[in-house]
Each structure stands twice: as structure tokens, then as C-alpha cells.
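Quick look at data32.cif (mmCIF, C-alpha atoms):
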```cif
data_model
loop_
_atom_site.label_atom_id
_atom_site.label_comp_id
_atom_site.auth_asym_id
_atom_site.auth_seq_id
_atom_site.Cartn_x
_atom_site.Cartn_y
_atom_site.Cartn_z
CA MET B 1 27.33 38.88 -15.87
CA ILE B 2 30.27 36.50 -15.80
CA THR B 3 33.28 38.45 -14.56
CA ARG B 4 35.77 35.59 -14.78
CA PRO B 5 34.98 33.62 -17.94
CA THR B 6 37.63 30.92 -17.52
CA THR B 7 36.76 27.37 -18.47
CA ASP B 8 36.90 26.16 -14.87
CA ALA B 9 34.61 29.00 -13.73
CA LEU B 10 32.11 28.33 -16.52
CA ILE B 11 32.04 24.61 -15.71
CA GLY B 12 31.68 25.45 -12.02
CA ASP B 13 28.66 27.63 -12.82
CA CYS B 14 27.14 24.74 -14.76
CA CYS B 15 27.77 22.40 -11.83
CA ARG B 16 26.05 24.80 -9.43
CA GLU B 17 23.07 25.06 -11.78
CA LEU B 18 22.84 21.29 -11.99
CA THR B 19 23.02 20.72 -8.23
CA GLU B 20 21.11 23.76 -6.97
CA ALA B 21 18.37 24.19 -9.56
CA ILE B 22 17.91 20.97 -11.49
CA LEU B 23 18.74 18.20 -9.00
CA PRO B 24 16.15 19.28 -6.39
CA ALA B 25 13.44 19.22 -9.09
CA LEU B 26 14.18 15.64 -10.13
CA THR B 27 12.13 12.93 -8.50
CA ASP B 28 13.37 9.94 -10.48
CA GLU B 29 16.23 8.41 -8.49
CA THR B 30 17.96 7.07 -11.61
CA LEU B 31 17.99 10.53 -13.16
CA ARG B 32 19.21 12.06 -9.89
CA LEU B 33 22.08 9.59 -9.79
CA ARG B 34 22.97 10.25 -13.43
CA LEU B 35 22.97 14.00 -12.81
CA VAL B 36 25.24 13.67 -9.76
CA MET B 37 27.64 11.46 -11.73
CA THR B 38 27.64 13.96 -14.62
CA GLU B 39 28.30 16.85 -12.24
CA THR B 40 31.25 14.95 -10.75
CA VAL B 41 32.78 14.42 -14.19
CA LEU B 42 32.29 18.11 -14.97
CA ARG B 43 33.89 19.16 -11.68
CA ASN B 44 36.96 17.02 -12.48
CA ALA B 45 37.07 18.54 -15.97
CA ALA B 46 37.10 21.99 -14.35
CA VAL B 47 40.15 21.05 -12.27
CA ARG B 48 41.90 19.78 -15.40
CA ALA B 49 40.98 22.88 -17.39
CA ALA B 50 42.45 25.12 -14.71
CA HIS B 51 45.79 23.30 -14.48
CA GLU B 52 46.28 20.89 -17.38
CA ILE B 53 48.72 22.92 -19.48
CA ALA B 54 50.88 23.81 -16.47
CA TRP B 55 50.92 20.20 -15.28
CA MET B 56 51.91 18.90 -18.71
CA ARG B 57 54.64 21.50 -19.16
CA GLU B 58 56.08 20.79 -15.70
CA GLU B 59 56.00 17.05 -16.27
CA THR B 60 57.49 17.46 -19.75
CA SER B 61 60.46 19.29 -18.23
CA ALA B 62 60.95 16.54 -15.64
CA LEU B 63 60.67 13.76 -18.24
CA LEU B 64 63.15 15.47 -20.56
CA ALA B 65 65.62 16.09 -17.73
CA TYR B 66 65.45 12.39 -16.90
CA ALA B 67 65.94 11.43 -20.55
CA ALA B 68 68.98 13.73 -20.78
CA GLU B 69 70.48 12.23 -17.63
CA VAL B 70 70.03 8.70 -18.97
CA ALA B 71 71.41 9.69 -22.39
CA ALA B 72 74.52 11.12 -20.74
CA ARG B 73 75.23 7.75 -19.10
CA HIS B 74 73.80 5.21 -21.53
CA ALA B 75 73.75 5.67 -25.30
CA SER B 76 70.63 4.37 -26.99
CA GLU B 77 69.46 4.83 -30.55
CA ALA B 78 65.83 4.70 -29.47
CA LEU B 79 66.46 7.39 -26.87
CA ARG B 80 68.31 9.60 -29.39
CA ASP B 81 65.41 9.25 -31.85
CA ALA B 82 62.80 9.98 -29.19
CA THR B 83 64.71 13.02 -27.95
CA ALA B 84 65.06 14.32 -31.52
CA ALA B 85 61.29 13.95 -31.96
CA VAL B 86 60.72 16.08 -28.86
CA GLU B 87 63.07 18.75 -30.16
CA ALA B 88 61.14 18.82 -33.44
CA SER B 89 57.86 19.53 -31.62
CA PRO B 90 56.58 23.00 -30.67
CA GLY B 91 58.41 24.06 -27.54
CA GLU B 92 56.92 27.31 -26.34
CA GLY B 93 53.34 27.14 -27.59
CA LEU B 94 50.52 27.35 -25.07
CA HIS B 95 47.76 25.95 -27.25
CA LEU B 96 46.59 22.67 -25.82
CA THR B 97 47.32 20.68 -28.98
CA GLU B 98 50.93 21.93 -29.01
CA VAL B 99 51.47 21.20 -25.34
CA VAL B 100 49.91 17.74 -25.67
CA GLU B 101 52.09 16.90 -28.68
CA ARG B 102 55.28 17.83 -26.85
CA TYR B 103 54.07 16.07 -23.69
CA GLU B 104 53.36 12.88 -25.65
CA ARG B 105 56.79 12.97 -27.28
CA ALA B 106 58.44 13.63 -23.91
CA GLY B 107 56.60 10.58 -22.59
CA GLN B 108 58.04 8.51 -25.42
CA ALA B 109 61.54 9.83 -24.64
CA PHE B 110 60.99 8.97 -20.98
CA THR B 111 59.96 5.44 -21.93
CA ALA B 112 63.05 5.02 -24.11
CA ALA B 113 65.22 6.38 -21.30
CA MET B 114 63.65 4.07 -18.74
CA VAL B 115 64.27 1.08 -21.01
CA ALA B 116 67.91 2.16 -21.50
CA ALA B 117 68.37 2.54 -17.73
CA GLN B 118 66.83 -0.88 -17.08
CA GLU B 119 68.89 -2.56 -19.79
CA ALA B 120 72.05 -0.98 -18.35
CA GLY B 121 71.11 -2.17 -14.87
CA ASP B 122 71.39 1.39 -13.53
CA ASP B 123 69.42 1.09 -10.30
CA ASP B 124 69.72 4.81 -9.45
CA LEU B 125 68.13 5.85 -12.75
CA VAL B 126 65.46 3.17 -12.50
CA ALA B 127 64.60 4.51 -9.03
CA LYS B 128 64.36 8.05 -10.44
CA ALA B 129 61.98 6.79 -13.13
CA ARG B 130 59.77 5.24 -10.45
CA GLU B 131 59.75 8.55 -8.58
CA LEU B 132 58.63 10.41 -11.73
CA LEU B 133 55.86 7.88 -12.23
CA ARG B 134 54.75 8.32 -8.59
CA ASP B 135 54.59 12.09 -9.17
CA ARG B 136 52.38 11.53 -12.22
CA ILE B 137 50.04 9.31 -10.21
CA ALA B 138 49.90 11.91 -7.42
CA THR B 139 48.78 14.55 -9.91
CA GLU B 140 46.06 12.23 -11.23
CA LYS B 141 44.90 11.60 -7.66
CA ASP B 142 44.69 15.37 -7.13
CA VAL B 143 42.45 15.66 -10.18
CA MET B 144 40.28 12.78 -9.04
CA ALA B 145 39.99 14.02 -5.44
CA THR B 146 36.44 15.19 -6.05
CA TYR B 147 35.40 11.91 -7.65
CA ALA B 148 32.96 9.88 -5.61
CA VAL B 149 31.23 6.68 -6.60
CA VAL B 150 27.57 7.44 -6.14
CA GLY B 151 24.83 4.92 -5.59
CA ARG B 152 27.03 1.97 -4.74
#
```

Encoding of this model in C-alpha cells:
Amino acid sequence: MITRPTTDALIGDCCRELTEAILPALTDETLRLRLVMTETVLRNAAVRAAHEIAWMREETSALLAYAAEVAARHASEALRDATAAVEASPGEGLHLTEVVERYERAGQAFTAAMVAAQEAGDDDLVAKARELLRDRIATEKDVMATYAVVGR
């Protein structure tokens, strides 16, 4: 009986089945390699499933705070339009499609804000944009921490 039927737990169970029951029975090295690569992708998907909505919501807040800070200093029609598009998207929904839509629109507002900061020559705001991008890369590295190139 599965007592914790979360997506990450279900994928983890599948990964264990693949590595503990199926992998030892395979004798073909190509198939073994393919199974290990598939299990790695599944393990990364489990990490995403466990945290993806929280990560997107946190990053959305940071991107929108940056866009608001830029808008307060540097008027931009593109930034106003992008911010309005974010405000028109679902704000409190927890369904993945809703969170992704708002996250995507926040990314567009961030891009417009970054362009406005660069065009204004505002080095402080450009530096903040770089910091936000570094944070995004750090999260991606966390997700990919279990990735290993096999057979190379």
C-alpha cells in the first residue's frame, strides 16, 4: 500500500523498481545504459514535481518585485504592458497551468524591466537582474544535481 501517494514518491518507487528489480536482470549493456539514463531523468522529474510550483511562485514574486522597482525609476511602455499582463493572469491558483502562466508573464515583465534598466544605464538595477538570473541558475543546478552522464 502506498501511504504517501505524491508524484515524487510515486516516481521514486518507479526508480527503485527500475534499479533494484529490472536493471540487475538486464544483460545487454546498451539496454542497461538506457535504463540508467531513463531512471536519472525520472529522478530529476521527481525533484521538480516536489518543488516546481513553490519555486515558480517564489521566483515570480522576485521577478515582479524587480519589475516594480525598475518601473518606479524608469518608465517604459513595454514594462507597463508586461506588468498589466501579469496582473491579468491568475494570481492565487495552485494548478500547474495557472502557476506556469503567471510565471511566464512575470518572466516577460522581468525581461522588459531588464531592458529598461539597461537602456537607462542603471548599473544597480542591471546588477540586481544578474543576481536574479544567478538565483534561477542555482535552482536549475539543484534540480540537476542527480544528473550524471552515464557511459561516457

Practice problem: Take atom CA of Gln108 of chain B and atom CA of Trp55 of chain B and report the distance between them in Å, one decimal. | Solution: 17.0 Å

Quiz item: Can you list, as a list in words, every protein, DNA or RNA residue that comes within 8 Å of segment 9-21 of chain B when you count only C-alpha atoms, leaving out same-chain residues fewer than 3 positions away?
Solution: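 Contacts, with the query itself left out: Arg4, Pro5, Thr6, Pro24, Ala25, Leu35, Val36, Glu39, Leu42, Arg43, Ala45 and Ala46 of chain B.
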
Quiz item: With all atoms listed in the file as the basis for distance, which of B:Ser61, B:Tyr66, B:Glu92, B:Ala109 is at the shortest distance from Ala129 of chain B?
Solution: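 Between B:Ser61, B:Tyr66, B:Glu92, B:Ala109, the residue approaching Ala129 of chain B most closely is B:Tyr66.
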
Practice problem: Apply the PyMOL selection byres ((chain B and resi 53) around 10) to the file shown and report the selected residues as number ranges by chain. | Solution: B: 48-52, 54-59, 94-100, 103

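What separates atom CA of Leu33 of chain B from atom CA of Val143 of chain B is a distance of 21.3 Å.
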
Exercise. Run the PyMOL selection byres ((chain B and resi 78) around 10) against the file shown and list the residues it catches, as a PyMOL selection string.
Key: chain B and resi 75-77+79-84+108-109+111-113+115-116

Deliver the residues from the most recent selection as a file, using C-alpha atoms, as an mmCIF file, in the frame of the given file.
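File produced: selection_8.cif:
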```cif
data_model
loop_
_atom_site.group_PDB
_atom_site.id
_atom_site.type_symbol
_atom_site.label_atom_id
_atom_site.label_comp_id
_atom_site.auth_asym_id
_atom_site.auth_seq_id
_atom_site.Cartn_x
_atom_site.Cartn_y
_atom_site.Cartn_z
ATOM 1 C CA ALA B 75 73.750 5.670 -25.300
ATOM 2 C CA SER B 76 70.630 4.370 -26.990
ATOM 3 C CA GLU B 77 69.460 4.830 -30.550
ATOM 4 C CA LEU B 79 66.460 7.390 -26.870
ATOM 5 C CA ARG B 80 68.310 9.600 -29.390
ATOM 6 C CA ASP B 81 65.410 9.250 -31.850
ATOM 7 C CA ALA B 82 62.800 9.980 -29.190
ATOM 8 C CA THR B 83 64.710 13.020 -27.950
ATOM 9 C CA ALA B 84 65.060 14.320 -31.520
ATOM 10 C CA GLN B 108 58.040 8.510 -25.420
ATOM 11 C CA ALA B 109 61.540 9.830 -24.640
ATOM 12 C CA THR B 111 59.960 5.440 -21.930
ATOM 13 C CA ALA B 112 63.050 5.020 -24.110
ATOM 14 C CA ALA B 113 65.220 6.380 -21.300
ATOM 15 C CA VAL B 115 64.270 1.080 -21.010
ATOM 16 C CA ALA B 116 67.910 2.160 -21.500
#
```

Quiz prompt | Picked residues, the PyMOL selection byres ((chain B and resi 73) around 10), expected as number ranges by chain | solution = B: 68-72, 74-76, 116-117, 120, 122, 125

Quiz item: What is the distance between atom CA of Asp124 of chain B and atom CA of Arg136 of chain B, in Å to one decimal?
Solution: 18.8 Å

Self-check item: Surrounding residues of Glu87 of chain B excluding itself and chain neighbours under 6 positions, 10 Å, only C-alpha atoms, as a list in words
Solution: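 The filter keeps Asp81, Arg102, Arg105 and Ala106 of chain B.
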
Quiz item: With all atoms listed in the file as the atoms that count, which of B:Ala67, B:Glu101, B:Glu119, B:Arg34 lies nearest to Ala88 of chain B?
Solution: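 Among the listed residues, B:Glu101 lies closest to Ala88 of chain B.
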
Write out all heavy atoms for segment 115-126 of chain B, as a CSV table (one decimal), in the coordinates of the input.
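This is the output file rebuild12.csv:
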```
chain,number,residue,atom,x,y,z
B,115,VAL,N,63.8,2.4,-20.5
B,115,VAL,CA,64.3,1.1,-21.0
B,115,VAL,C,65.8,1.0,-21.0
B,115,VAL,O,66.4,0.0,-20.6
B,115,VAL,CB,63.7,0.9,-22.4
B,115,VAL,CG1,64.4,-0.3,-23.1
B,115,VAL,CG2,62.2,0.6,-22.3
B,116,ALA,N,66.4,2.1,-21.5
B,116,ALA,CA,67.9,2.2,-21.5
B,116,ALA,C,68.5,2.0,-20.1
B,116,ALA,O,69.5,1.3,-19.9
B,116,ALA,CB,68.4,3.5,-22.1
B,117,ALA,N,67.9,2.6,-19.1
B,117,ALA,CA,68.4,2.5,-17.7
B,117,ALA,C,68.2,1.1,-17.2
B,117,ALA,O,69.1,0.6,-16.5
B,117,ALA,CB,67.6,3.5,-16.8
B,118,GLN,N,67.1,0.5,-17.5
B,118,GLN,CA,66.8,-0.9,-17.1
B,118,GLN,C,67.8,-1.8,-17.8
B,118,GLN,O,68.4,-2.7,-17.1
B,118,GLN,CB,65.4,-1.3,-17.4
B,118,GLN,CG,64.4,-0.6,-16.5
B,118,GLN,CD,62.9,-0.9,-16.9
B,118,GLN,OE1,62.6,-1.1,-18.0
B,118,GLN,NE2,62.0,-0.8,-15.9
B,119,GLU,N,68.0,-1.7,-19.1
B,119,GLU,CA,68.9,-2.6,-19.8
B,119,GLU,C,70.3,-2.4,-19.3
B,119,GLU,O,71.1,-3.4,-19.3
B,119,GLU,CB,68.8,-2.3,-21.3
B,119,GLU,CG,67.5,-2.8,-21.9
B,119,GLU,CD,67.4,-2.5,-23.4
B,119,GLU,OE1,68.2,-1.7,-23.9
B,119,GLU,OE2,66.4,-3.0,-24.0
B,120,ALA,N,70.7,-1.2,-18.9
B,120,ALA,CA,72.0,-1.0,-18.4
B,120,ALA,C,72.2,-1.4,-16.9
B,120,ALA,O,73.3,-1.5,-16.4
B,120,ALA,CB,72.4,0.5,-18.5
B,121,GLY,N,71.1,-1.8,-16.3
B,121,GLY,CA,71.1,-2.2,-14.9
B,121,GLY,C,71.4,-1.0,-13.9
B,121,GLY,O,72.0,-1.2,-12.9
B,122,ASP,N,71.1,0.2,-14.3
B,122,ASP,CA,71.4,1.4,-13.5
B,122,ASP,C,70.3,1.6,-12.5
B,122,ASP,O,69.3,2.3,-12.8
B,122,ASP,CB,71.5,2.6,-14.5
B,122,ASP,CG,72.1,3.8,-13.8
B,122,ASP,OD1,71.8,4.0,-12.6
B,122,ASP,OD2,72.9,4.5,-14.4
B,123,ASP,N,70.5,1.1,-11.3
B,123,ASP,CA,69.4,1.1,-10.3
B,123,ASP,C,69.0,2.5,-9.9
B,123,ASP,O,67.9,2.8,-9.6
B,123,ASP,CB,69.9,0.3,-9.1
B,123,ASP,CG,70.0,-1.2,-9.4
B,123,ASP,OD1,69.3,-1.7,-10.3
B,123,ASP,OD2,70.7,-1.9,-8.6
B,124,ASP,N,70.0,3.4,-9.8
B,124,ASP,CA,69.7,4.8,-9.4
B,124,ASP,C,68.7,5.4,-10.4
B,124,ASP,O,67.8,6.1,-10.0
B,124,ASP,CB,71.0,5.6,-9.4
B,124,ASP,CG,71.9,5.2,-8.2
B,124,ASP,OD1,71.4,4.6,-7.2
B,124,ASP,OD2,73.1,5.6,-8.3
B,125,LEU,N,69.0,5.3,-11.7
B,125,LEU,CA,68.1,5.8,-12.8
B,125,LEU,C,66.8,5.2,-12.8
B,125,LEU,O,65.8,5.8,-13.0
B,125,LEU,CB,68.8,5.8,-14.1
B,125,LEU,CG,70.0,6.8,-14.3
B,125,LEU,CD1,70.7,6.6,-15.6
B,125,LEU,CD2,69.5,8.3,-14.1
B,126,VAL,N,66.7,3.9,-12.6
B,126,VAL,CA,65.5,3.2,-12.5
B,126,VAL,C,64.6,3.7,-11.3
B,126,VAL,O,63.4,3.9,-11.5
B,126,VAL,CB,65.7,1.6,-12.4
B,126,VAL,CG1,64.4,0.9,-12.1
B,126,VAL,CG2,66.3,1.1,-13.7
```
